[in-house]
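Q: Quick one: the structure is below, and I'll ask about it shortly.
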Amino acid sequence: MITQLDRDLLSAAVERARRSRAEGNHPFGAVLADARGKEVLAAGNTVPAESDCTGHAETNLARAASRKFDRAFLSGCTLYTSAEPCAMCSGAIYWSGIGRVVYALSESRLRQITGDDPENPTLDLPCRDVFARGQRPIAVDGPIDTPGAAEVHEGFWKAR
């Protein structure tokens with residue numbers, strides 16, 4: 001069940017995506033909340049800024065989280081993201097030990113928005129399918145209609 005706190009944290013992830021775009025990066029953002037719903041980390045996309053194709057918001061967040069927190073703590077955490085994690089990010093989330101993912105835009109909706117832009121060659125592989133192949137469960141909620149989640153991408157992909 002999606003709570004108001006979930007919606008608020010998704011909005012924070014969308015706001016982080018907006019900040020990523022303003023910084024010259026791709027418009028994606030992610031927020032990590034502890035078991036009580038307190039935001040403990042946030043990350044944006046850094047692909048252009050760092051010339052690193054793996055600099056997706058969720059992967060950046062999973063890296064930072066695994067450096068800062070142990071797996072027992074992360075198992076009670078939720079990662080909120082402006083768009084469904086791609087296969088690479090899903091793997092990073094899985095390996096980090098994070099226990100739940102909540103996302104705004106689905107991978108298929110993102111693909112509709114980005115089209116064939118070479119900056120975002122979207123995979124047609126839902127995160128649930130990636131997580132289902134693992135040895136531990138990860139709860140997933142999404143897509144969740146979140147104000148600004150699609151709009152943050154407007155004019156970005158075709159203009160590049």
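By convention in this document, the chains of the structure tokens carry letters A, B, ... by their order, each chain's residues are numbered from 1, and ligands are numbered from 1 in the order they are shown.
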Run DSSP on the backbone and give me the residues of stretch 7-149 of chain A it puts in helix (DSSP H, G or I), as number ranges by chain.

A: A: 7-22, 47-50, 57-68, 71-74, 87-96, 107-114, 127-132

Q: Would you write out those residues with C-alpha atoms, as a short mmCIF file (atom, residue, chain, number, x, y, z; two decimals), in the first residue's frame?

A:
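What follows is the written file selection.cif:
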```cif
data_model
loop_
_atom_site.label_atom_id
_atom_site.label_comp_id
_atom_site.auth_asym_id
_atom_site.auth_seq_id
_atom_site.Cartn_x
_atom_site.Cartn_y
_atom_site.Cartn_z
CA ARG A 7 4.31 9.93 -2.24
CA ASP A 8 6.28 12.65 -0.49
CA LEU A 9 9.54 10.73 -0.89
CA LEU A 10 8.77 10.05 -4.56
CA SER A 11 8.27 13.80 -4.97
CA ALA A 12 11.70 14.31 -3.36
CA ALA A 13 13.19 11.89 -5.92
CA VAL A 14 11.56 13.86 -8.75
CA GLU A 15 12.93 17.08 -7.28
CA ARG A 16 16.40 15.47 -7.23
CA ALA A 17 15.87 14.58 -10.91
CA ARG A 18 15.05 18.23 -11.59
CA ARG A 19 18.31 19.22 -9.85
CA SER A 20 20.27 16.68 -11.91
CA ARG A 21 18.91 18.22 -15.08
CA ALA A 22 19.77 21.73 -13.87
CA VAL A 47 26.46 10.28 -16.64
CA PRO A 48 27.41 13.45 -18.59
CA ALA A 49 29.24 15.23 -15.76
CA GLU A 50 31.51 12.29 -14.98
CA ALA A 57 20.90 7.94 -9.95
CA GLU A 58 19.97 4.57 -8.45
CA THR A 59 23.43 3.08 -8.96
CA ASN A 60 25.05 6.19 -7.48
CA LEU A 61 22.71 5.90 -4.50
CA ALA A 62 23.34 2.16 -4.04
CA ARG A 63 27.10 2.77 -4.10
CA ALA A 64 26.89 5.55 -1.51
CA ALA A 65 24.48 3.55 0.65
CA SER A 66 26.66 0.45 0.70
CA ARG A 67 29.68 2.55 1.74
CA LYS A 68 27.76 4.24 4.56
CA ARG A 71 23.30 -4.69 4.79
CA ALA A 72 21.12 -5.23 7.87
CA PHE A 73 20.23 -1.54 7.91
CA LEU A 74 19.74 -1.40 4.13
CA ALA A 87 18.60 -3.65 -15.34
CA MET A 88 21.99 -2.26 -14.26
CA CYS A 89 20.49 -0.22 -11.42
CA SER A 90 18.31 -3.14 -10.36
CA GLY A 91 21.46 -5.24 -10.04
CA ALA A 92 23.13 -2.56 -7.92
CA ILE A 93 20.04 -2.31 -5.70
CA TYR A 94 19.95 -6.08 -5.33
CA TRP A 95 23.64 -6.35 -4.43
CA SER A 96 23.42 -3.44 -1.96
CA GLU A 107 10.49 1.82 -17.94
CA SER A 108 7.99 1.56 -20.81
CA ARG A 109 6.71 5.12 -20.22
CA LEU A 110 10.29 6.39 -20.06
CA ARG A 111 10.98 4.70 -23.38
CA GLN A 112 8.00 6.52 -24.90
CA ILE A 113 9.43 9.81 -23.67
CA THR A 114 13.07 9.26 -24.69
CA CYS A 127 12.99 -4.27 -12.46
CA ARG A 128 10.59 -6.87 -11.06
CA ASP A 129 11.92 -9.36 -13.61
CA VAL A 130 15.52 -8.67 -12.57
CA PHE A 131 14.71 -8.92 -8.85
CA ALA A 132 12.72 -12.14 -9.38
#
```

Q: Choose the residue, out of A:Gly99, A:Pro85, A:Gly115, A:Gly55, that has the smallest atom-to-atom separation from A:Ala35; count only C-alpha atoms.

A: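 Result for the nearest residue to A:Ala35: A:Gly99.
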
Q: In terms of the shortest atom-to-atom distance over only C-alpha atoms, which of A:Asp6, A:Asp52, A:Glu23, A:Glu39 is closest to A:Ile144?

A: A:Asp6

Q: Hey, can you check how far atom CA of A:Lys38 sits from atom CA of A:Ile2?

A: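 These atoms are spaced 15.8 Å apart.
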
Q: Distance atom CA of A:Ala43-atom CA of A:Gly148, one decimal place?

A: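 Distance reported for this atom pair: 17.4 Å.
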
Q: Can you work out which one of A:Arg100, A:His56, A:His153, A:Arg136 has the shortest atom-to-atom distance to A:Pro27, counting only C-alpha atoms?

A: A:His153

Q: Name the closest residue to A:Asn25 among the candidates A:Val140, A:Cys86, A:Ile98, A:Val152; distances are taken between atoms, counting only C-alpha atoms.

A: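 Of the candidates, the smallest distance to A:Asn25 is held by A:Val152.
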
Q: Using atom CA of A:Glu119 and atom CA of A:Asp145 as the two end points, give the distance in Å to one decimal.

A: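 Atom CA of A:Asp145 lies at a distance of 24.5 Å from atom CA of A:Glu119.
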
Q: Show which residues sit within 7 Å of A:Ser106, as a list in words. Count only C-alpha atoms, and ignore same-chain residues fewer than 4 positions away.

A: Ala83, Glu84, Leu110 and Pro143 of chain A

Q: Convert the current residue selection to file output with all heavy atoms, as an mmCIF file, in the first residue's frame.

A:
```
data_model
loop_
_atom_site.group_PDB
_atom_site.id
_atom_site.type_symbol
_atom_site.label_atom_id
_atom_site.label_comp_id
_atom_site.auth_asym_id
_atom_site.auth_seq_id
_atom_site.Cartn_x
_atom_site.Cartn_y
_atom_site.Cartn_z
ATOM 1 N N ALA A 83 12.163 7.244 -11.843
ATOM 2 C CA ALA A 83 11.833 6.325 -12.939
ATOM 3 C C ALA A 83 12.251 4.911 -12.541
ATOM 4 O O ALA A 83 13.181 4.727 -11.754
ATOM 5 C CB ALA A 83 12.532 6.738 -14.226
ATOM 6 N N GLU A 84 11.574 3.942 -13.102
ATOM 7 C CA GLU A 84 11.868 2.540 -12.784
ATOM 8 C C GLU A 84 13.342 2.237 -13.011
ATOM 9 O O GLU A 84 13.900 2.598 -14.049
ATOM 10 C CB GLU A 84 11.012 1.634 -13.670
ATOM 11 C CG GLU A 84 11.191 0.171 -13.404
ATOM 12 C CD GLU A 84 10.214 -0.709 -14.182
ATOM 13 O OE1 GLU A 84 9.424 -0.181 -14.984
ATOM 14 O OE2 GLU A 84 10.251 -1.938 -13.970
ATOM 15 N N LEU A 110 9.039 5.674 -19.818
ATOM 16 C CA LEU A 110 10.286 6.388 -20.065
ATOM 17 C C LEU A 110 10.728 6.188 -21.513
ATOM 18 O O LEU A 110 11.156 7.131 -22.175
ATOM 19 C CB LEU A 110 11.374 5.927 -19.102
ATOM 20 C CG LEU A 110 12.726 6.604 -19.268
ATOM 21 C CD1 LEU A 110 12.621 8.101 -18.999
ATOM 22 C CD2 LEU A 110 13.743 5.961 -18.349
ATOM 23 N N PRO A 143 4.379 1.455 -11.286
ATOM 24 C CA PRO A 143 4.577 2.898 -11.311
ATOM 25 C C PRO A 143 3.536 3.631 -10.454
ATOM 26 O O PRO A 143 2.395 3.189 -10.342
ATOM 27 C CB PRO A 143 4.417 3.257 -12.787
ATOM 28 C CG PRO A 143 3.522 2.198 -13.345
ATOM 29 C CD PRO A 143 3.816 0.954 -12.552
#
```
